[in-house]
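Content type mmCIF, N, CA and C atoms, from the file protein.cif:
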```cif
data_coords
loop_
_atom_site.label_atom_id
_atom_site.label_comp_id
_atom_site.auth_asym_id
_atom_site.auth_seq_id
_atom_site.Cartn_x
_atom_site.Cartn_y
_atom_site.Cartn_z
N MET X 439 30.80 39.63 -77.97
CA MET X 439 29.76 38.65 -78.02
C MET X 439 28.82 38.83 -76.84
N SER X 440 28.48 40.02 -76.52
CA SER X 440 27.64 40.28 -75.37
C SER X 440 26.20 39.82 -75.62
N LEU X 441 25.68 40.01 -76.81
CA LEU X 441 24.35 39.52 -77.13
C LEU X 441 24.43 38.06 -77.54
N PRO X 442 23.39 37.29 -77.21
CA PRO X 442 23.43 35.89 -77.63
C PRO X 442 23.49 35.78 -79.15
N ALA X 443 24.47 35.07 -79.63
CA ALA X 443 24.62 34.88 -81.07
C ALA X 443 24.37 33.42 -81.39
N LYS X 444 23.99 33.15 -82.61
CA LYS X 444 23.73 31.79 -83.05
C LYS X 444 25.04 30.99 -83.06
N VAL X 445 25.06 29.88 -82.32
CA VAL X 445 26.24 29.03 -82.27
C VAL X 445 26.22 28.11 -83.49
N THR X 446 27.31 28.13 -84.26
CA THR X 446 27.39 27.30 -85.45
C THR X 446 28.28 26.08 -85.27
N GLN X 447 29.18 26.13 -84.28
CA GLN X 447 30.10 25.02 -84.04
C GLN X 447 30.55 25.06 -82.58
N ASP X 448 30.72 23.90 -82.00
CA ASP X 448 31.16 23.80 -80.62
C ASP X 448 32.04 22.57 -80.50
N GLY X 449 33.25 22.73 -80.01
CA GLY X 449 34.14 21.58 -79.89
C GLY X 449 35.50 21.95 -79.35
N MET X 450 36.47 21.06 -79.56
CA MET X 450 37.80 21.22 -79.01
C MET X 450 38.83 21.56 -80.08
N LEU X 451 39.66 22.53 -79.76
CA LEU X 451 40.81 22.91 -80.57
C LEU X 451 42.00 23.01 -79.65
N GLU X 452 43.18 23.00 -80.23
CA GLU X 452 44.38 23.28 -79.46
C GLU X 452 44.96 24.59 -79.96
N LYS X 453 45.32 25.47 -79.02
CA LYS X 453 45.88 26.78 -79.33
C LYS X 453 47.32 26.81 -78.84
N ARG X 454 48.20 27.36 -79.68
CA ARG X 454 49.59 27.47 -79.26
C ARG X 454 49.73 28.67 -78.34
N SER X 455 50.36 28.46 -77.19
CA SER X 455 50.54 29.55 -76.23
C SER X 455 51.56 30.55 -76.77
N GLY X 456 51.46 31.76 -76.28
CA GLY X 456 52.38 32.81 -76.71
C GLY X 456 53.64 32.87 -75.89
N GLY X 457 53.78 31.98 -74.92
CA GLY X 457 54.95 31.99 -74.05
C GLY X 457 56.21 31.50 -74.73
N LEU X 458 57.25 31.44 -73.96
CA LEU X 458 58.56 31.04 -74.47
C LEU X 458 58.56 29.62 -75.04
N LEU X 459 57.87 28.70 -74.37
CA LEU X 459 57.86 27.31 -74.80
C LEU X 459 56.84 27.03 -75.92
N GLN X 460 55.90 27.91 -76.10
CA GLN X 460 54.85 27.78 -77.12
C GLN X 460 54.20 26.39 -77.09
N LEU X 461 53.66 26.05 -75.94
CA LEU X 461 52.99 24.77 -75.76
C LEU X 461 51.60 24.80 -76.38
N TRP X 462 51.10 23.63 -76.76
CA TRP X 462 49.74 23.52 -77.28
C TRP X 462 48.80 23.29 -76.10
N LYS X 463 47.77 24.13 -76.00
CA LYS X 463 46.81 24.03 -74.90
C LYS X 463 45.42 23.77 -75.46
N LYS X 464 44.74 22.81 -74.84
CA LYS X 464 43.38 22.47 -75.29
C LYS X 464 42.42 23.59 -74.91
N LYS X 465 41.55 23.92 -75.84
CA LYS X 465 40.54 24.96 -75.62
C LYS X 465 39.20 24.46 -76.12
N ARG X 466 38.17 24.77 -75.38
CA ARG X 466 36.83 24.53 -75.89
C ARG X 466 36.49 25.75 -76.72
N CYS X 467 36.09 25.53 -77.97
CA CYS X 467 35.81 26.63 -78.89
C CYS X 467 34.34 26.62 -79.26
N VAL X 468 33.76 27.79 -79.17
CA VAL X 468 32.38 27.98 -79.59
C VAL X 468 32.39 29.02 -80.70
N LEU X 469 32.03 28.59 -81.90
CA LEU X 469 31.98 29.48 -83.06
C LEU X 469 30.55 29.98 -83.21
N SER X 470 30.39 31.29 -83.30
CA SER X 470 29.07 31.89 -83.46
C SER X 470 29.08 32.87 -84.62
N ASP X 471 27.97 33.54 -84.82
CA ASP X 471 27.84 34.49 -85.92
C ASP X 471 28.79 35.68 -85.81
N ASP X 472 29.25 35.99 -84.60
CA ASP X 472 30.09 37.17 -84.44
C ASP X 472 31.53 36.89 -84.01
N GLY X 473 31.89 35.62 -83.85
CA GLY X 473 33.28 35.34 -83.51
C GLY X 473 33.49 33.98 -82.90
N LEU X 474 34.65 33.83 -82.30
CA LEU X 474 35.09 32.57 -81.71
C LEU X 474 35.37 32.81 -80.23
N ARG X 475 34.78 32.00 -79.37
CA ARG X 475 35.01 32.08 -77.93
C ARG X 475 35.83 30.87 -77.52
N LEU X 476 36.91 31.12 -76.76
CA LEU X 476 37.81 30.05 -76.32
C LEU X 476 37.77 29.96 -74.80
N ARG X 477 37.60 28.75 -74.30
CA ARG X 477 37.66 28.51 -72.86
C ARG X 477 38.73 27.47 -72.56
N SER X 478 39.46 27.68 -71.49
CA SER X 478 40.53 26.77 -71.10
C SER X 478 39.98 25.48 -70.54
N CYS X 479 40.77 24.44 -70.71
CA CYS X 479 40.47 23.14 -70.14
C CYS X 479 41.16 23.06 -68.80
N LYS X 480 40.40 22.80 -67.74
CA LYS X 480 40.99 22.70 -66.40
C LYS X 480 41.66 21.35 -66.23
N GLY X 481 42.81 21.35 -65.58
CA GLY X 481 43.50 20.12 -65.22
C GLY X 481 43.98 19.31 -66.41
N HIS X 482 44.35 19.98 -67.50
CA HIS X 482 44.83 19.24 -68.66
C HIS X 482 46.35 19.25 -68.70
N ALA X 483 46.86 18.27 -69.37
CA ALA X 483 48.31 18.21 -69.59
C ALA X 483 48.56 18.41 -71.07
N ALA X 484 49.79 18.41 -71.48
CA ALA X 484 50.13 18.58 -72.89
C ALA X 484 49.78 17.33 -73.70
N SER X 485 49.36 16.27 -72.99
CA SER X 485 49.02 15.02 -73.68
C SER X 485 47.69 15.15 -74.41
N HIS X 486 47.30 14.09 -75.08
CA HIS X 486 46.04 14.09 -75.81
C HIS X 486 44.91 13.51 -74.96
N ALA X 487 45.07 13.52 -73.65
CA ALA X 487 44.03 13.03 -72.76
C ALA X 487 42.81 13.94 -72.85
N PRO X 488 41.61 13.37 -72.70
CA PRO X 488 40.41 14.20 -72.79
C PRO X 488 40.35 15.22 -71.65
N CYS X 489 39.70 16.31 -71.92
CA CYS X 489 39.57 17.38 -70.95
C CYS X 489 38.55 16.97 -69.89
N VAL X 490 38.87 17.19 -68.62
CA VAL X 490 38.00 16.81 -67.53
C VAL X 490 36.92 17.87 -67.30
N ALA X 491 37.27 19.14 -67.31
CA ALA X 491 36.31 20.23 -67.07
C ALA X 491 36.75 21.48 -67.81
N TRP X 492 35.79 22.35 -68.08
CA TRP X 492 36.07 23.61 -68.78
C TRP X 492 35.97 24.76 -67.80
N SER X 493 36.75 25.79 -68.04
CA SER X 493 36.70 26.97 -67.17
C SER X 493 35.38 27.70 -67.39
N SER X 494 35.08 28.61 -66.47
CA SER X 494 33.82 29.36 -66.56
C SER X 494 33.86 30.35 -67.72
N ASP X 495 32.67 30.79 -68.15
CA ASP X 495 32.56 31.73 -69.27
C ASP X 495 33.24 33.06 -68.99
N SER X 496 33.35 33.44 -67.72
CA SER X 496 33.94 34.74 -67.39
C SER X 496 35.41 34.81 -67.81
N ARG X 497 36.06 33.66 -67.93
CA ARG X 497 37.47 33.64 -68.33
C ARG X 497 37.63 33.35 -69.82
N ALA X 498 36.55 33.33 -70.55
CA ALA X 498 36.62 33.02 -71.98
C ALA X 498 37.32 34.14 -72.74
N LYS X 499 38.11 33.75 -73.72
CA LYS X 499 38.77 34.72 -74.60
C LYS X 499 37.93 34.80 -75.86
N GLU X 500 37.68 36.01 -76.33
CA GLU X 500 36.86 36.20 -77.52
C GLU X 500 37.70 36.72 -78.68
N LEU X 501 37.56 36.08 -79.81
CA LEU X 501 38.15 36.55 -81.06
C LEU X 501 36.99 36.96 -81.95
N LEU X 502 36.67 38.26 -81.93
CA LEU X 502 35.53 38.76 -82.69
C LEU X 502 35.88 38.93 -84.16
N PHE X 503 34.91 38.64 -85.03
CA PHE X 503 35.13 38.77 -86.46
C PHE X 503 35.42 40.21 -86.87
N GLU X 504 34.90 41.17 -86.11
CA GLU X 504 35.17 42.57 -86.47
C GLU X 504 36.65 42.91 -86.34
N ARG X 505 37.39 42.11 -85.57
CA ARG X 505 38.83 42.34 -85.41
C ARG X 505 39.68 41.28 -86.11
N MET X 506 39.01 40.36 -86.80
CA MET X 506 39.71 39.27 -87.48
C MET X 506 39.89 39.61 -88.95
N VAL X 507 41.05 39.30 -89.50
CA VAL X 507 41.34 39.59 -90.90
C VAL X 507 41.16 38.35 -91.78
N THR X 508 41.81 37.25 -91.38
CA THR X 508 41.76 36.06 -92.22
C THR X 508 42.15 34.81 -91.44
N VAL X 509 41.87 33.67 -92.05
CA VAL X 509 42.36 32.38 -91.56
C VAL X 509 43.38 31.92 -92.58
N ASP X 510 44.61 31.67 -92.13
CA ASP X 510 45.75 31.45 -93.02
C ASP X 510 46.49 30.15 -92.71
N CYS X 511 47.49 29.89 -93.52
CA CYS X 511 48.52 28.87 -93.28
C CYS X 511 47.96 27.51 -92.91
N VAL X 512 47.14 26.96 -93.74
CA VAL X 512 46.61 25.63 -93.47
C VAL X 512 47.66 24.59 -93.87
N GLU X 513 47.99 23.72 -92.93
CA GLU X 513 49.00 22.69 -93.16
C GLU X 513 48.51 21.39 -92.53
N TYR X 514 48.75 20.29 -93.20
CA TYR X 514 48.33 18.98 -92.72
C TYR X 514 49.57 18.17 -92.37
N LYS X 515 49.68 17.76 -91.09
CA LYS X 515 50.83 16.96 -90.64
C LYS X 515 50.37 15.94 -89.61
N ARG X 516 50.79 14.71 -89.79
CA ARG X 516 50.56 13.64 -88.82
C ARG X 516 49.13 13.59 -88.29
N GLY X 517 48.16 13.69 -89.18
CA GLY X 517 46.76 13.60 -88.79
C GLY X 517 46.19 14.85 -88.15
N LEU X 518 46.92 15.96 -88.18
CA LEU X 518 46.45 17.21 -87.60
C LEU X 518 46.41 18.31 -88.66
N VAL X 519 45.48 19.23 -88.49
CA VAL X 519 45.38 20.42 -89.34
C VAL X 519 45.90 21.60 -88.53
N TYR X 520 46.88 22.31 -89.05
CA TYR X 520 47.44 23.49 -88.41
C TYR X 520 46.98 24.71 -89.20
N PHE X 521 46.49 25.73 -88.49
CA PHE X 521 46.08 26.96 -89.17
C PHE X 521 46.29 28.16 -88.26
N THR X 522 46.27 29.34 -88.87
CA THR X 522 46.54 30.59 -88.17
C THR X 522 45.39 31.56 -88.38
N VAL X 523 44.94 32.18 -87.30
CA VAL X 523 43.95 33.26 -87.38
C VAL X 523 44.72 34.57 -87.26
N VAL X 524 44.53 35.45 -88.23
CA VAL X 524 45.24 36.73 -88.25
C VAL X 524 44.26 37.82 -87.83
N MET X 525 44.66 38.59 -86.80
CA MET X 525 43.82 39.66 -86.28
C MET X 525 44.20 40.99 -86.93
N SER X 526 43.34 41.99 -86.82
CA SER X 526 43.58 43.29 -87.44
C SER X 526 44.80 43.99 -86.85
N THR X 527 45.19 43.63 -85.64
CA THR X 527 46.38 44.21 -85.01
C THR X 527 47.66 43.61 -85.57
N GLY X 528 47.53 42.55 -86.39
CA GLY X 528 48.69 41.86 -86.93
C GLY X 528 49.05 40.62 -86.12
N LYS X 529 48.40 40.45 -84.98
CA LYS X 529 48.67 39.28 -84.14
C LYS X 529 48.21 38.02 -84.84
N GLU X 530 49.06 37.00 -84.79
CA GLU X 530 48.73 35.71 -85.39
C GLU X 530 48.54 34.68 -84.28
N ILE X 531 47.43 33.96 -84.33
CA ILE X 531 47.11 32.96 -83.31
C ILE X 531 47.05 31.60 -83.98
N ASP X 532 47.90 30.69 -83.53
CA ASP X 532 48.02 29.37 -84.14
C ASP X 532 47.11 28.35 -83.45
N PHE X 533 46.47 27.52 -84.27
CA PHE X 533 45.59 26.47 -83.78
C PHE X 533 45.91 25.16 -84.49
N ARG X 534 45.48 24.06 -83.88
CA ARG X 534 45.52 22.77 -84.54
C ARG X 534 44.34 21.94 -84.06
N CYS X 535 43.91 21.03 -84.94
CA CYS X 535 42.81 20.14 -84.62
C CYS X 535 42.98 18.84 -85.40
N PRO X 536 42.31 17.76 -84.97
CA PRO X 536 42.42 16.50 -85.71
C PRO X 536 41.92 16.65 -87.14
N GLN X 537 42.62 16.03 -88.06
CA GLN X 537 42.28 16.12 -89.47
C GLN X 537 40.95 15.43 -89.78
N ASP X 538 40.64 14.37 -89.05
CA ASP X 538 39.44 13.60 -89.35
C ASP X 538 38.18 14.15 -88.68
N GLY X 539 38.31 15.18 -87.86
CA GLY X 539 37.15 15.75 -87.17
C GLY X 539 36.59 16.94 -87.94
N THR X 540 36.07 17.88 -87.19
CA THR X 540 35.52 19.11 -87.76
C THR X 540 36.62 19.91 -88.43
N ALA X 541 36.38 20.40 -89.62
CA ALA X 541 37.34 21.25 -90.33
C ALA X 541 37.20 22.67 -89.78
N TRP X 542 37.78 22.88 -88.60
CA TRP X 542 37.64 24.16 -87.91
C TRP X 542 38.15 25.32 -88.76
N ASN X 543 39.25 25.12 -89.46
CA ASN X 543 39.79 26.21 -90.28
C ASN X 543 38.77 26.66 -91.31
N ALA X 544 38.09 25.72 -91.97
CA ALA X 544 37.09 26.05 -92.98
C ALA X 544 35.85 26.68 -92.33
N GLU X 545 35.43 26.14 -91.20
CA GLU X 545 34.25 26.68 -90.50
C GLU X 545 34.48 28.13 -90.07
N ILE X 546 35.66 28.41 -89.51
CA ILE X 546 35.97 29.77 -89.07
C ILE X 546 36.07 30.70 -90.27
N ALA X 547 36.74 30.25 -91.35
CA ALA X 547 36.88 31.07 -92.55
C ALA X 547 35.52 31.40 -93.17
N LEU X 548 34.63 30.41 -93.27
CA LEU X 548 33.30 30.63 -93.83
C LEU X 548 32.48 31.58 -92.96
N ALA X 549 32.56 31.39 -91.64
CA ALA X 549 31.82 32.29 -90.74
C ALA X 549 32.36 33.72 -90.85
N LEU X 550 33.67 33.86 -91.01
CA LEU X 550 34.27 35.19 -91.18
C LEU X 550 33.79 35.84 -92.47
N VAL X 551 33.74 35.08 -93.55
CA VAL X 551 33.25 35.61 -94.83
C VAL X 551 31.78 36.02 -94.72
N ARG X 552 30.96 35.18 -94.07
CA ARG X 552 29.55 35.53 -93.86
C ARG X 552 29.43 36.84 -93.09
N TYR X 553 30.22 36.97 -92.03
CA TYR X 553 30.19 38.18 -91.20
C TYR X 553 30.57 39.41 -92.02
N LYS X 554 31.69 39.32 -92.76
CA LYS X 554 32.16 40.47 -93.56
C LYS X 554 31.15 40.83 -94.64
N ASN X 555 30.53 39.81 -95.27
CA ASN X 555 29.50 40.06 -96.29
C ASN X 555 28.30 40.77 -95.69
N LEU X 556 27.86 40.32 -94.52
CA LEU X 556 26.73 40.95 -93.85
C LEU X 556 27.05 42.40 -93.52
N GLN X 557 28.27 42.66 -93.04
CA GLN X 557 28.68 44.03 -92.74
C GLN X 557 28.67 44.90 -94.00
N ALA X 558 29.13 44.35 -95.13
CA ALA X 558 29.15 45.09 -96.39
C ALA X 558 27.73 45.40 -96.86
N VAL X 559 26.83 44.45 -96.73
CA VAL X 559 25.43 44.67 -97.13
C VAL X 559 24.80 45.75 -96.24
N GLN X 560 25.04 45.67 -94.94
CA GLN X 560 24.48 46.68 -94.03
C GLN X 560 25.03 48.07 -94.31
N THR X 561 26.32 48.16 -94.63
CA THR X 561 26.92 49.44 -94.97
C THR X 561 26.32 49.99 -96.26
N GLY X 562 26.13 49.12 -97.24
CA GLY X 562 25.51 49.52 -98.50
C GLY X 562 24.09 50.02 -98.30
N ARG X 563 23.33 49.33 -97.46
CA ARG X 563 21.95 49.76 -97.18
C ARG X 563 21.93 51.12 -96.51
N LYS X 564 22.83 51.33 -95.55
CA LYS X 564 22.89 52.63 -94.86
C LYS X 564 23.20 53.75 -95.84
N ARG X 565 24.14 53.49 -96.75
CA ARG X 565 24.49 54.50 -97.75
C ARG X 565 23.30 54.78 -98.66
N LEU X 566 22.62 53.73 -99.07
CA LEU X 566 21.47 53.88 -99.95
C LEU X 566 20.36 54.67 -99.27
N ILE X 567 20.11 54.37 -98.01
CA ILE X 567 19.07 55.08 -97.26
C ILE X 567 19.45 56.54 -97.07
N SER X 568 20.72 56.81 -96.71
CA SER X 568 21.14 58.20 -96.50
C SER X 568 21.14 58.97 -97.82
N THR X 569 21.52 58.32 -98.92
CA THR X 569 21.49 58.96 -100.23
C THR X 569 20.05 59.26 -100.65
N ALA X 570 19.16 58.30 -100.42
CA ALA X 570 17.75 58.50 -100.75
C ALA X 570 17.16 59.60 -99.89
N HIS X 571 17.55 59.66 -98.63
CA HIS X 571 17.04 60.69 -97.73
C HIS X 571 17.52 62.07 -98.17
N LEU X 572 18.80 62.17 -98.55
CA LEU X 572 19.35 63.45 -99.00
C LEU X 572 18.69 63.90 -100.30
N SER X 573 18.52 62.99 -101.25
CA SER X 573 17.91 63.38 -102.53
C SER X 573 16.44 63.72 -102.32
N GLY X 574 15.78 63.06 -101.38
CA GLY X 574 14.38 63.40 -101.05
C GLY X 574 14.27 64.78 -100.44
N ALA X 575 15.22 65.16 -99.61
CA ALA X 575 15.24 66.49 -98.99
C ALA X 575 15.49 67.56 -100.04
N GLU X 576 16.36 67.27 -101.01
CA GLU X 576 16.63 68.22 -102.09
C GLU X 576 15.39 68.43 -102.95
N GLU X 577 14.64 67.35 -103.21
CA GLU X 577 13.39 67.47 -103.98
C GLU X 577 12.37 68.31 -103.23
N ASP X 578 12.29 68.12 -101.90
CA ASP X 578 11.37 68.92 -101.09
C ASP X 578 11.73 70.40 -101.17
N ASP X 579 13.03 70.72 -101.14
CA ASP X 579 13.47 72.11 -101.24
C ASP X 579 13.09 72.70 -102.60
N GLN X 580 13.27 71.92 -103.67
CA GLN X 580 12.95 72.40 -105.02
C GLN X 580 11.44 72.64 -105.14
N ILE X 581 10.63 71.79 -104.60
CA ILE X 581 9.17 71.94 -104.66
C ILE X 581 8.75 73.16 -103.88
N SER X 582 9.31 73.39 -102.70
CA SER X 582 8.94 74.55 -101.90
C SER X 582 9.37 75.85 -102.58
N GLN X 583 10.46 75.82 -103.34
CA GLN X 583 10.90 77.01 -104.05
C GLN X 583 9.95 77.32 -105.22
N LEU X 584 9.35 76.32 -105.84
CA LEU X 584 8.42 76.54 -106.93
C LEU X 584 7.10 77.11 -106.46
N GLU X 585 6.74 76.83 -105.24
CA GLU X 585 5.43 77.30 -104.73
C GLU X 585 5.51 78.70 -104.33
#
```

Could you show the structure in this file as structure tokens?
Amino acid sequence: MSLPAKVTQDGMLEKRSGGLLQLWKKKRCVLSDDGLRLRSCKGHAASHAPCVAWSSDSRAKELLFERMVTVDCVEYKRGLVYFTVVMSTGKEIDFRCPQDGTAWNAEIALALVRYKNLQAVQTGRKRLISTAHLSGAEEDDQISQLE
């Protein structure tokens, strides 16, 4: 996400840590055209207390759509939505958010589909242009041979 991308969603999610205890940690999430940026909440506890401050952008973790496969395992429990982001490496990252707030799982899934569709269109255009260029070069060769 080095170039400024259009931000489509900004808010709070909880991410399950990969450690032994697998605690839920609050993260500020910024969803853009090219992925999801996560920033830690400073001075937070495992409670549902509001976050006092966010860490700087330099410590942000990026989940780019080019490395993301799918958004999976949507489950609704006790007013929370639990979902998993699956990366191309096979790594699964678990998130949860309030059920009555932003449907982060749907927003991330839709943004991922938009990204993949855009990539497919761009790949198709490149193929079409290269095919047209090659067939144009062949026509030029045929014309020069006739002269």

So for segment 463-479 of chain X, what box centre and size do we get, axis-aligned, 3 Å extra on each of the six sides, every listed atom, Å to one decimal, as lines of an AutoDock Vina configuration file?
```
center_x = 37.8
center_y = 29.8
center_z = -77.4
size_x = 25.9
size_y = 20.7
size_z = 23.1
```

I want to know what sits within 8 Å of Glu500 of chain X, based on all atoms listed in the file, with residues of the same chain fewer than 5 positions away left out; could you give that as a PyMOL selection string?
chain X and resi 439+473-477

Pick out the residues sitting within 12 Å of Ala544 of chain X, and hand them over as a ChimeraX atom specification; count only C-alpha atoms, and ignore anything fewer than 2 positions along from it in its own chain.
/X:447,469,508-512,519-523,535,537,539-542,546-551

If the PyMOL selection byres (((chain X and resi 452 and name CA) around 7) and name CA) were run on this exact file, what residues would it hold? Put them as a list in words.
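That expression, the PyMOL selection byres (((chain X and resi 452 and name CA) around 7) and name CA), corresponds here to Met450, Leu451, Lys453, Arg454, Trp462, Lys463, Lys464, Lys465, Phe533, Arg534 and Cys535 of chain X.
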
I'd like the interatomic distance between atom CA of Pro536 of chain X and atom C of Arg516 of chain X, to a tenth of an Å.
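Atom CA of Pro536 of chain X sits 7.8 Å away from atom C of Arg516 of chain X.
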
Could you work out how far atom CA of Gln557 of chain X lies from atom N of Gly528 of chain X, giving the answer in Å with one decimal?
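Calculated distance between atom N of Gly528 of chain X and atom CA of Gln557 of chain X is 19.9 Å.
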
Quick check, in Å to one decimal: how far apart do atom N of Thr561 of chain X and atom N of Leu502 of chain X lie?
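Going from atom N of Thr561 of chain X over to atom N of Leu502 of chain X covers 19.1 Å.
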
Applied to the shown file, which residues does the PyMOL selection byres ((chain X and resi 527) around 8) return, written as a list in words?
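For this structure, the PyMOL selection byres ((chain X and resi 527) around 8) resolves to Arg505, Met506, Val507, Val524, Met525, Ser526, Gly528, Lys529 and Glu530 of chain X.
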
Would you mind telling me which residue in X:Arg497, X:Gly517, X:Glu545, X:Thr569 lies nearest to Asp448 of chain X when using only C-alpha atoms?
X:Glu545

Rank X:Ala570, X:Leu518, X:Ala558, X:Cys479 by their smallest atom-to-atom distance to Cys467 of chain X, using only C-alpha atoms, and report the top residue only.
X:Cys479

Restricting the calculation to only C-alpha atoms: of X:Phe503, X:Ser478, X:Gly456, X:Lys515, which residue gets closest to Leu556 of chain X?
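Among X:Phe503, X:Ser478, X:Gly456, X:Lys515, it is X:Phe503 that comes nearest to Leu556 of chain X.
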
Closest to Lys444 of chain X among X:Asp471, X:Arg466, X:Asn543, X:Asp532, using only N, CA and C atoms?
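Closest to Lys444 of chain X, using only N, CA and C atoms: X:Asp471.
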